[in-house]
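Source file: my_file03.cif (mmCIF, C-alpha atoms)
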```cif
data_entry
loop_
_atom_site.label_atom_id
_atom_site.label_comp_id
_atom_site.auth_asym_id
_atom_site.auth_seq_id
_atom_site.Cartn_x
_atom_site.Cartn_y
_atom_site.Cartn_z
CA MET F 1094 0.00 0.00 0.00
CA ASN F 1095 1.41 3.42 -1.01
CA ASN F 1096 0.51 5.88 1.72
CA ARG F 1097 0.50 9.40 0.27
CA LYS F 1098 -0.83 12.82 1.19
CA LEU F 1099 -2.25 15.87 -0.52
CA VAL F 1100 -1.12 19.22 0.89
CA LEU F 1101 -2.97 22.38 -0.12
CA GLU F 1102 -1.49 25.85 -0.28
CA ASN F 1103 -3.58 26.87 2.75
CA GLY F 1104 -1.88 24.16 4.85
CA LYS F 1105 -4.73 21.65 4.83
CA VAL F 1106 -3.54 18.02 4.63
CA PHE F 1107 -5.44 14.98 3.30
CA GLU F 1108 -3.97 11.49 3.73
CA GLY F 1109 -4.77 8.74 1.25
CA ILE F 1110 -3.51 5.96 -1.00
CA GLY F 1111 -1.38 6.67 -4.04
CA PHE F 1112 -1.86 5.32 -7.57
CA GLY F 1113 -0.19 6.18 -10.84
CA SER F 1114 3.28 7.68 -10.51
CA LEU F 1115 4.76 7.74 -7.00
CA ASN F 1116 6.91 10.77 -7.71
CA GLU F 1117 6.30 14.10 -6.01
CA LYS F 1118 4.15 16.59 -7.92
CA VAL F 1119 3.06 20.18 -7.36
CA ALA F 1120 0.49 21.97 -9.54
CA GLU F 1121 -2.66 24.11 -9.45
CA ILE F 1122 -5.66 22.19 -8.08
CA ILE F 1123 -9.15 22.54 -9.58
CA TYR F 1124 -12.27 20.38 -9.46
CA ASN F 1125 -14.47 18.78 -12.13
CA THR F 1126 -18.15 17.94 -11.69
CA ALA F 1127 -18.49 15.37 -14.51
CA ILE F 1128 -19.56 11.81 -13.71
CA VAL F 1129 -17.61 10.25 -16.60
CA GLY F 1130 -14.83 11.38 -18.92
CA TYR F 1131 -11.66 10.95 -16.86
CA GLN F 1132 -9.79 9.61 -19.92
CA GLU F 1133 -10.68 12.71 -21.89
CA MET F 1134 -9.60 14.86 -18.92
CA ILE F 1135 -6.13 13.35 -18.49
CA SER F 1136 -5.46 13.77 -22.23
CA ASP F 1137 -7.02 17.25 -22.59
CA PRO F 1138 -4.14 19.75 -23.07
CA THR F 1139 -6.13 22.41 -21.19
CA TYR F 1140 -5.36 20.51 -17.96
CA CYS F 1141 -1.60 20.94 -18.42
CA ASN F 1142 0.07 21.82 -15.09
CA GLN F 1143 -3.12 21.13 -13.14
CA MET F 1144 -4.42 18.51 -10.69
CA VAL F 1145 -8.11 17.65 -10.91
CA CYS F 1146 -10.24 16.69 -7.94
CA MET F 1147 -13.22 14.65 -9.14
CA SER F 1148 -16.59 15.34 -7.51
CA TYR F 1149 -17.99 11.98 -8.60
CA PRO F 1150 -16.81 9.44 -6.00
CA LEU F 1151 -15.93 6.38 -8.14
CA ILE F 1152 -13.21 6.80 -10.78
CA GLY F 1153 -11.44 4.20 -12.93
CA ASN F 1154 -14.30 1.70 -13.14
CA TYR F 1155 -14.50 1.59 -16.95
CA GLY F 1156 -10.77 1.85 -17.65
CA LEU F 1157 -9.25 3.57 -20.67
CA THR F 1158 -9.76 2.83 -24.36
CA ASP F 1159 -7.26 3.45 -27.15
CA GLU F 1160 -9.78 5.34 -29.33
CA ASP F 1161 -10.94 7.85 -26.70
CA TYR F 1162 -7.90 10.03 -26.05
CA GLU F 1163 -8.24 13.77 -26.73
CA SER F 1164 -4.57 14.24 -27.64
CA LYS F 1165 -1.45 12.21 -28.30
CA ARG F 1166 -0.05 12.72 -24.80
CA ILE F 1167 -1.15 12.82 -21.17
CA ASN F 1168 -1.22 16.43 -20.01
CA ILE F 1169 -2.60 16.37 -16.47
CA SER F 1170 -0.30 16.53 -13.42
CA GLY F 1171 -2.51 14.53 -11.08
CA MET F 1172 -5.95 13.23 -10.11
CA ILE F 1173 -7.62 13.28 -6.70
CA VAL F 1174 -10.49 10.81 -6.19
CA ARG F 1175 -12.62 9.42 -3.39
CA GLU F 1176 -12.51 5.80 -4.56
CA TYR F 1177 -10.21 4.43 -7.27
CA ASN F 1178 -11.18 1.22 -9.12
CA ASP F 1179 -8.24 -0.68 -10.60
CA MET F 1180 -10.33 -3.55 -11.98
CA PRO F 1181 -12.46 -2.04 -14.79
CA SER F 1182 -15.55 -3.81 -16.13
CA ASN F 1183 -15.80 -2.57 -19.71
CA PHE F 1184 -15.43 -4.73 -22.81
CA ARG F 1185 -13.66 -1.88 -24.64
CA TYR F 1186 -11.00 -1.10 -22.05
CA THR F 1187 -7.34 -1.72 -22.82
CA ARG F 1188 -5.55 0.06 -19.93
CA THR F 1189 -6.28 1.07 -16.37
CA LEU F 1190 -6.15 4.69 -15.26
CA GLY F 1191 -3.33 3.93 -12.83
CA GLU F 1192 -1.20 2.30 -15.55
CA VAL F 1193 -1.52 5.28 -17.87
CA LEU F 1194 -0.80 7.82 -15.13
CA GLU F 1195 2.27 5.87 -14.02
CA GLU F 1196 3.67 5.60 -17.54
CA ASN F 1197 3.24 9.35 -18.04
CA ASP F 1198 4.58 10.46 -14.64
CA ALA F 1199 1.21 11.78 -13.44
CA VAL F 1200 0.23 11.21 -9.82
CA GLY F 1201 -3.00 10.05 -8.25
CA ILE F 1202 -4.38 9.86 -4.74
CA SER F 1203 -7.53 8.12 -3.49
CA GLY F 1204 -9.29 7.66 -0.18
CA VAL F 1205 -9.48 11.40 0.54
CA ASP F 1206 -12.53 13.51 1.31
CA THR F 1207 -13.14 15.00 -2.14
CA ARG F 1208 -16.28 16.82 -0.99
CA GLU F 1209 -14.31 18.80 1.59
CA ILE F 1210 -11.54 19.52 -0.93
CA ILE F 1211 -14.05 20.83 -3.46
CA ARG F 1212 -15.72 23.02 -0.84
CA ILE F 1213 -12.31 24.53 -0.03
CA ILE F 1214 -11.64 25.29 -3.71
CA ARG F 1215 -15.18 26.61 -4.21
CA ASP F 1216 -14.94 28.95 -1.22
CA ASN F 1217 -11.28 30.01 -1.51
CA GLY F 1218 -10.52 29.57 -5.21
CA SER F 1219 -8.08 27.37 -7.06
CA MET F 1220 -4.70 27.08 -5.36
CA LYS F 1221 -1.40 25.24 -5.45
CA ALA F 1222 -1.31 21.64 -4.22
CA LEU F 1223 1.33 18.99 -3.58
CA ILE F 1224 1.03 15.19 -3.66
CA CYS F 1225 3.92 13.45 -1.93
CA ASP F 1226 4.90 10.65 0.47
CA ILE F 1227 2.96 10.67 3.73
CA ASP F 1228 6.16 10.98 5.81
CA LYS F 1229 7.34 14.24 4.25
CA PRO F 1230 7.42 16.98 6.93
CA LEU F 1231 4.68 19.57 6.59
CA ASP F 1232 7.07 22.54 6.76
CA GLU F 1233 8.97 21.14 3.75
CA CYS F 1234 5.72 20.71 1.88
CA ILE F 1235 4.68 24.30 2.54
CA LYS F 1236 8.10 25.54 1.43
CA ILE F 1237 7.77 23.64 -1.87
CA LEU F 1238 4.31 25.11 -2.43
CA ASN F 1239 5.48 28.66 -1.64
CA GLU F 1240 8.41 28.38 -4.04
CA TYR F 1241 6.43 26.85 -6.91
CA GLN F 1242 5.78 29.18 -9.84
CA LYS F 1243 3.23 28.08 -12.40
CA PRO F 1244 4.73 28.10 -15.93
CA THR F 1245 3.81 31.25 -17.85
CA ASN F 1246 3.32 29.72 -21.30
CA ALA F 1247 1.83 26.25 -21.08
CA VAL F 1248 0.66 26.54 -24.69
CA ALA F 1249 4.27 26.25 -25.86
CA GLU F 1250 4.45 22.94 -23.98
CA VAL F 1251 1.31 21.36 -25.46
CA SER F 1252 1.22 22.86 -28.96
CA SER F 1253 2.41 20.73 -31.87
CA LYS F 1254 6.01 21.33 -32.89
CA LYS F 1255 5.35 20.93 -36.61
CA VAL F 1256 2.49 21.18 -39.09
CA TRP F 1257 0.24 18.13 -39.42
CA TYR F 1258 -2.86 17.31 -41.43
CA SER F 1259 -6.23 15.64 -40.94
CA ARG F 1260 -7.94 15.16 -44.30
CA THR F 1261 -11.44 13.97 -45.14
CA PRO F 1262 -12.93 12.42 -48.32
CA ASN F 1263 -14.51 14.89 -50.75
CA PRO F 1264 -13.46 18.01 -48.81
CA ILE F 1265 -15.30 21.29 -49.25
CA TYR F 1266 -13.18 23.67 -47.16
CA ASN F 1267 -9.67 24.08 -45.78
CA VAL F 1268 -9.39 25.09 -42.13
CA VAL F 1269 -6.13 26.15 -40.47
CA VAL F 1270 -6.10 25.34 -36.75
CA ILE F 1271 -3.81 27.40 -34.52
CA ASP F 1272 -2.85 24.72 -32.02
CA CYS F 1273 -2.99 26.05 -28.46
CA GLY F 1274 -3.84 22.53 -27.22
CA ILE F 1275 -6.30 21.17 -29.76
CA LYS F 1276 -8.55 18.24 -28.86
CA LEU F 1277 -8.79 15.45 -31.41
CA ASN F 1278 -12.56 15.37 -31.06
CA LEU F 1279 -12.77 18.91 -32.43
CA ILE F 1280 -10.71 17.96 -35.47
CA LYS F 1281 -13.01 14.99 -36.10
CA LYS F 1282 -16.02 17.33 -36.05
CA LEU F 1283 -14.38 19.58 -38.63
CA ASN F 1284 -13.62 16.56 -40.83
CA GLN F 1285 -17.22 15.37 -40.52
CA ALA F 1286 -18.37 18.84 -41.65
CA GLY F 1287 -16.38 18.46 -44.89
CA CYS F 1288 -13.21 20.30 -43.83
CA ASN F 1289 -9.62 19.37 -44.49
CA VAL F 1290 -7.66 20.48 -41.42
CA VAL F 1291 -4.13 21.87 -41.25
CA VAL F 1292 -2.86 22.05 -37.65
CA VAL F 1293 -0.04 24.56 -37.18
CA PRO F 1294 2.10 25.41 -34.12
CA TYR F 1295 0.78 28.26 -31.98
CA ASN F 1296 3.57 30.66 -33.06
CA THR F 1297 3.14 30.23 -36.84
CA SER F 1298 3.14 33.53 -38.72
CA VAL F 1299 0.11 34.86 -40.60
CA GLU F 1300 2.04 34.73 -43.86
CA GLU F 1301 2.84 31.05 -43.35
CA MET F 1302 -0.78 30.18 -42.47
CA LEU F 1303 -2.13 31.93 -45.55
CA LYS F 1304 0.05 29.70 -47.76
CA TYR F 1305 -2.37 26.85 -47.03
CA LYS F 1306 -5.16 28.84 -48.72
CA PRO F 1307 -7.62 28.43 -45.82
CA ASN F 1308 -11.32 29.15 -46.02
CA GLY F 1309 -11.32 29.75 -42.26
CA PHE F 1310 -9.21 29.73 -39.09
CA LEU F 1311 -9.81 28.02 -35.76
CA ILE F 1312 -8.01 29.07 -32.57
CA SER F 1313 -8.18 26.04 -30.32
CA ASN F 1314 -8.71 25.47 -26.63
CA GLY F 1315 -5.63 25.29 -24.43
CA PRO F 1316 -4.11 25.91 -20.99
CA GLY F 1317 -2.85 28.94 -19.13
CA ASN F 1318 -3.25 32.69 -19.11
CA PRO F 1319 -4.37 34.17 -22.46
CA TYR F 1320 -2.34 37.33 -21.79
CA ASP F 1321 0.84 35.23 -22.14
CA LEU F 1322 0.10 34.79 -25.85
CA ASN F 1323 0.68 38.21 -27.40
CA GLU F 1324 1.87 36.65 -30.65
CA ILE F 1325 -1.46 34.90 -31.22
CA ILE F 1326 -3.41 38.01 -30.22
CA GLU F 1327 -1.58 40.08 -32.84
CA ASN F 1328 -2.10 37.34 -35.44
CA ILE F 1329 -5.85 37.36 -34.76
CA ARG F 1330 -5.94 41.12 -35.29
CA SER F 1331 -4.19 40.61 -38.64
CA LEU F 1332 -6.59 37.83 -39.69
CA VAL F 1333 -9.87 39.58 -38.82
CA GLY F 1334 -11.66 40.40 -42.04
CA LYS F 1335 -9.57 38.05 -44.18
CA LYS F 1336 -11.44 34.82 -43.43
CA PRO F 1337 -13.96 33.56 -40.81
CA ILE F 1338 -12.47 32.77 -37.39
CA LEU F 1339 -13.74 30.39 -34.70
CA GLY F 1340 -12.29 30.38 -31.18
CA ILE F 1341 -12.93 27.65 -28.59
CA GLY F 1342 -12.13 28.12 -24.89
CA LEU F 1343 -8.71 29.79 -24.74
CA GLY F 1344 -9.18 30.66 -28.42
CA CYS F 1345 -12.39 32.52 -27.54
CA GLU F 1346 -10.57 34.45 -24.80
CA LEU F 1347 -7.77 35.37 -27.22
CA ILE F 1348 -10.33 36.70 -29.71
CA GLY F 1349 -11.81 38.87 -26.96
CA ILE F 1350 -8.41 40.29 -26.03
CA ALA F 1351 -7.67 40.95 -29.72
CA TYR F 1352 -10.79 43.17 -29.69
CA ASN F 1353 -9.51 44.92 -26.51
CA VAL F 1354 -11.98 43.13 -24.23
CA LYS F 1355 -10.83 42.67 -20.62
CA VAL F 1356 -10.39 39.07 -19.43
CA SER F 1357 -9.84 38.06 -15.80
CA LYS F 1358 -9.08 34.90 -13.82
CA MET F 1359 -12.12 33.28 -12.21
CA LYS F 1360 -12.22 32.14 -8.60
CA CYS F 1361 -12.44 28.45 -9.44
CA GLY F 1362 -13.39 28.30 -13.13
CA HIS F 1363 -15.92 26.13 -14.95
CA HIS F 1364 -14.91 22.47 -15.23
CA GLY F 1365 -17.62 19.90 -15.86
CA SER F 1366 -20.26 18.56 -18.22
CA ASN F 1367 -23.52 20.04 -16.99
CA TYR F 1368 -23.41 23.80 -17.56
CA PRO F 1369 -26.60 25.29 -19.10
CA VAL F 1370 -25.89 27.90 -21.79
CA LYS F 1371 -28.56 30.10 -23.38
CA ASN F 1372 -28.39 31.27 -26.98
CA ILE F 1373 -29.54 34.91 -26.73
CA LYS F 1374 -30.83 35.01 -30.33
CA THR F 1375 -32.91 31.81 -30.26
CA GLY F 1376 -33.65 31.54 -26.54
CA LYS F 1377 -32.66 27.86 -26.60
CA VAL F 1378 -30.66 26.34 -23.75
CA GLU F 1379 -28.12 23.56 -24.24
CA ILE F 1380 -26.21 21.58 -21.61
CA THR F 1381 -22.50 21.94 -22.25
CA SER F 1382 -19.10 20.56 -21.24
CA GLN F 1383 -16.75 23.29 -20.07
CA ASN F 1384 -13.14 23.68 -19.04
CA TYR F 1385 -12.02 27.28 -18.66
CA SER F 1386 -10.68 29.58 -15.94
CA TYR F 1387 -10.90 33.07 -17.47
CA THR F 1388 -13.99 35.20 -18.06
CA PHE F 1389 -14.96 38.34 -19.96
CA ASP F 1390 -15.79 41.81 -18.66
CA GLU F 1391 -19.25 42.60 -20.04
CA GLU F 1392 -18.80 46.37 -20.13
CA SER F 1393 -15.64 46.15 -22.26
CA ILE F 1394 -17.44 43.84 -24.72
CA GLN F 1395 -20.16 46.48 -25.12
CA GLN F 1396 -17.44 49.02 -25.98
CA SER F 1397 -15.93 46.73 -28.66
CA ASP F 1398 -17.05 45.48 -32.08
CA LEU F 1399 -18.15 42.18 -30.50
CA VAL F 1400 -21.63 41.22 -29.35
CA ILE F 1401 -22.59 38.70 -26.67
CA THR F 1402 -24.27 35.65 -28.19
CA ARG F 1403 -24.50 33.19 -25.29
CA VAL F 1404 -24.65 33.37 -21.50
CA ASN F 1405 -24.51 30.88 -18.66
CA VAL F 1406 -28.02 30.42 -17.27
CA ILE F 1407 -26.85 29.98 -13.67
CA THR F 1408 -23.72 32.11 -13.23
CA LYS F 1409 -24.43 34.68 -16.00
CA GLU F 1410 -20.88 34.27 -17.31
CA ILE F 1411 -20.45 35.23 -20.97
CA GLU F 1412 -20.19 32.00 -22.96
CA GLY F 1413 -20.24 33.27 -26.55
CA ILE F 1414 -19.13 36.30 -28.56
CA SER F 1415 -19.31 37.28 -32.22
CA ASP F 1416 -18.26 39.89 -34.77
CA VAL F 1417 -21.05 39.44 -37.30
CA ASN F 1418 -19.56 41.68 -39.99
CA ASN F 1419 -16.24 39.81 -40.12
CA GLY F 1420 -17.41 36.24 -39.47
CA VAL F 1421 -15.73 35.90 -36.08
CA ILE F 1422 -17.25 33.50 -33.51
CA GLY F 1423 -16.08 32.50 -30.04
CA ILE F 1424 -17.49 30.09 -27.45
CA GLN F 1425 -16.15 29.10 -24.06
CA TYR F 1426 -17.43 25.51 -24.09
CA GLU F 1427 -17.00 22.28 -26.03
CA PRO F 1428 -19.06 22.23 -29.26
CA ASN F 1429 -21.93 19.79 -28.85
CA THR F 1430 -22.65 17.07 -31.37
CA PRO F 1431 -26.09 17.89 -32.86
CA ILE F 1432 -28.83 15.45 -31.94
CA ASP F 1433 -30.91 16.34 -35.01
CA GLU F 1434 -31.00 18.84 -37.85
CA ASN F 1435 -32.57 21.50 -35.61
CA SER F 1436 -29.95 21.25 -32.86
CA GLU F 1437 -27.56 24.14 -32.35
CA ASP F 1438 -24.05 23.47 -33.60
CA ILE F 1439 -21.24 26.03 -33.62
CA ILE F 1440 -19.32 24.02 -36.23
CA LYS F 1441 -22.34 24.29 -38.53
CA ASP F 1442 -22.37 28.07 -37.98
CA PHE F 1443 -18.64 28.27 -38.74
CA VAL F 1444 -19.05 26.27 -41.95
CA GLU F 1445 -21.91 28.54 -43.01
CA LYS F 1446 -19.71 31.60 -42.48
CA MET F 1447 -16.99 29.98 -44.59
CA ARG F 1448 -19.58 29.39 -47.32
CA LYS F 1449 -20.57 33.06 -47.26
CA LEU F 1450 -17.28 34.76 -46.44
CA GLY F 1451 -14.48 32.22 -46.76
CA GLY F 1452 -13.95 32.52 -50.47
CA LYS F 1453 -13.54 29.81 -53.05
CA ARG F 1454 -14.37 26.24 -52.08
CA HIS F 1455 -11.61 23.68 -51.73
CA ALA F 1456 -10.71 22.15 -55.09
#
```
Target encoding structure tokens, full file:
Amino acid sequence: MNNRKLVLENGKVFEGIGFGSLNEKVAEIIYNTAIVGYQEMISDPTYCNQMVCMSYPLIGNYGLTDEDYESKRINISGMIVREYNDMPSNFRYTRTLGEVLEENDAVGISGVDTREIIRIIRDNGSMKALICDIDKPLDECIKILNEYQKPTNAVAEVSSKKVWYSRTPNPIYNVVVIDCGIKLNLIKKLNQAGCNVVVVPYNTSVEEMLKYKPNGFLISNGPGNPYDLNEIIENIRSLVGKKPILGIGLGCELIGIAYNVKVSKMKCGHHGSNYPVKNIKTGKVEITSQNYSYTFDEESIQQSDLVITRVNVITKEIEGISDVNNGVIGIQYEPNTPIDENSEDIIKDFVEKMRKLGGKRHA
């Protein structure tokens, strides 16, 4: 049995059982309210340099499946769970959560009071946390936490280092994706909508991107502070009006900053799969998956060329923005797969803007 402990920045200590890597890890701790999806979480680049405390008590029970990863690497620093199941019962599973975390040097701890941890984060905000051996003196743990500085440009860590392609049969459009931490599921949705996708590193120049003759640009989701990415912000300003632009998560925040909208860090962010978002134009509400930590200042949006298109029903956070004249769209949440032809779909909206504004169709 691997006795471990979780130490929070405020000095609170939780003792439990370790799984995954048994190395020492320090990172920002947040919580997620989803019942399922831990495989997608550990491989979502937006979780880079973060530990996730799961609100659902049983984690690991359906294992991991080769086809369900959101990226080609494991990005999370650690997972905190109430009960960890190392014997999955799922005919599709090929690996256990503990095996994958261990192989990728990510830590896990179980047997802790996740409800109390989440209340602390909810009331006090996200904070630094350390997972280490249970015998490590508390004063040493606090010193490590005080000295830890979160990396300032996590996007550079998770972004692709070279251009890569995802093509589809009988393509209609070309889309260039600025990779801030793209999820594979989003690329699949673009392919299904008839788009050939060119994924470029986050620091690719506008001139280089235009060589691919895109009908539109997508700025992807990703980790960290959007104000660390001045290069992308300036590129967005240069691209506005040339072709339609879609921003997801971090990409949405970067679009806002490019329009001089103020963005600020939230107390504990939105991380889960049950957030209701209202489309202001249609009045429809959809339940969304979200993973973001920065929010918009409404007054500065009203002073810009952007309009608010979607809001969170419960918290009133701004979830969608748009520049109608230039075909620019941004949303803070994961695009939903449409249930039927009448369902809202941001990818469908983006494709429609490419049809109207994106120029010649792909040959």
* Asked: Quick one: residues within 12 Å of F:Pro1262, all atoms listed in the file counted, chain neighbours fewer than 2 positions away excluded, as a VMD selection string?
  -> chain F and resid 1259 to 1260 1264 to 1266 1284 to 1290 1455
* To do: Convert the output of the PyMOL selection byres ((chain F and resi 1161) around 10) on the shown file into explicit residues, formatted as a list of chain:residue names.
  =>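 So the PyMOL selection byres ((chain F and resi 1161) around 10), applied here, picks out F:Gly1130, F:Gln1132, F:Glu1133, F:Ser1136, F:Leu1157, F:Thr1158, F:Asp1159, F:Glu1160, F:Tyr1162, F:Glu1163, F:Ser1164, F:Leu1277, F:Asn1278.
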* Ground truth for the PyMOL selection byres ((chain F and resi 1383) around 12), written as JSON, numbers by chain -> {"F": [1124, 1125, 1126, 1127, 1134, 1137, 1139, 1140, 1314, 1341, 1342, 1343, 1362, 1363, 1364, 1365, 1366, 1367, 1368, 1369, 1370, 1380, 1381, 1382, 1384, 1385, 1386, 1387, 1405, 1412, 1424, 1425, 1426, 1427, 1428, 1429]}
Kindly save the residues from that selection, with C-alpha atoms included, as a compact mmCIF listing (two decimals), keeping the file's coordinate frame.
```
# COMPACT_ATOMS: atom_id res chain seq x y z
CA TYR F 1124 -12.27 20.38 -9.46
CA ASN F 1125 -14.47 18.78 -12.13
CA THR F 1126 -18.15 17.94 -11.69
CA ALA F 1127 -18.49 15.37 -14.51
CA MET F 1134 -9.60 14.86 -18.92
CA ASP F 1137 -7.02 17.25 -22.59
CA THR F 1139 -6.13 22.41 -21.19
CA TYR F 1140 -5.36 20.51 -17.96
CA ASN F 1314 -8.71 25.47 -26.63
CA ILE F 1341 -12.93 27.65 -28.59
CA GLY F 1342 -12.13 28.12 -24.89
CA LEU F 1343 -8.71 29.79 -24.74
CA GLY F 1362 -13.39 28.30 -13.13
CA HIS F 1363 -15.92 26.13 -14.95
CA HIS F 1364 -14.91 22.47 -15.23
CA GLY F 1365 -17.62 19.90 -15.86
CA SER F 1366 -20.26 18.56 -18.22
CA ASN F 1367 -23.52 20.04 -16.99
CA TYR F 1368 -23.41 23.80 -17.56
CA PRO F 1369 -26.60 25.29 -19.10
CA VAL F 1370 -25.89 27.90 -21.79
CA ILE F 1380 -26.21 21.58 -21.61
CA THR F 1381 -22.50 21.94 -22.25
CA SER F 1382 -19.10 20.56 -21.24
CA ASN F 1384 -13.14 23.68 -19.04
CA TYR F 1385 -12.02 27.28 -18.66
CA SER F 1386 -10.68 29.58 -15.94
CA TYR F 1387 -10.90 33.07 -17.47
CA ASN F 1405 -24.51 30.88 -18.66
CA GLU F 1412 -20.19 32.00 -22.96
CA ILE F 1424 -17.49 30.09 -27.45
CA GLN F 1425 -16.15 29.10 -24.06
CA TYR F 1426 -17.43 25.51 -24.09
CA GLU F 1427 -17.00 22.28 -26.03
CA PRO F 1428 -19.06 22.23 -29.26
CA ASN F 1429 -21.93 19.79 -28.85
```
* Residue nearest F:Ser1331 - candidates F:Glu1300, F:Val1248, F:Asn1116, F:Ser1357, atoms counted: only C-alpha atoms ->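 Distance minimum relative to F:Ser1331 lands on F:Glu1300.
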* Report the residues retrieved by the PyMOL selection byres ((chain F and resi 1208-1216) around 7) from the displayed file, expressed as an MDAnalysis selection string. => chainID F and resid 1123:1124 1148 1206:1207 1217:1219 1361
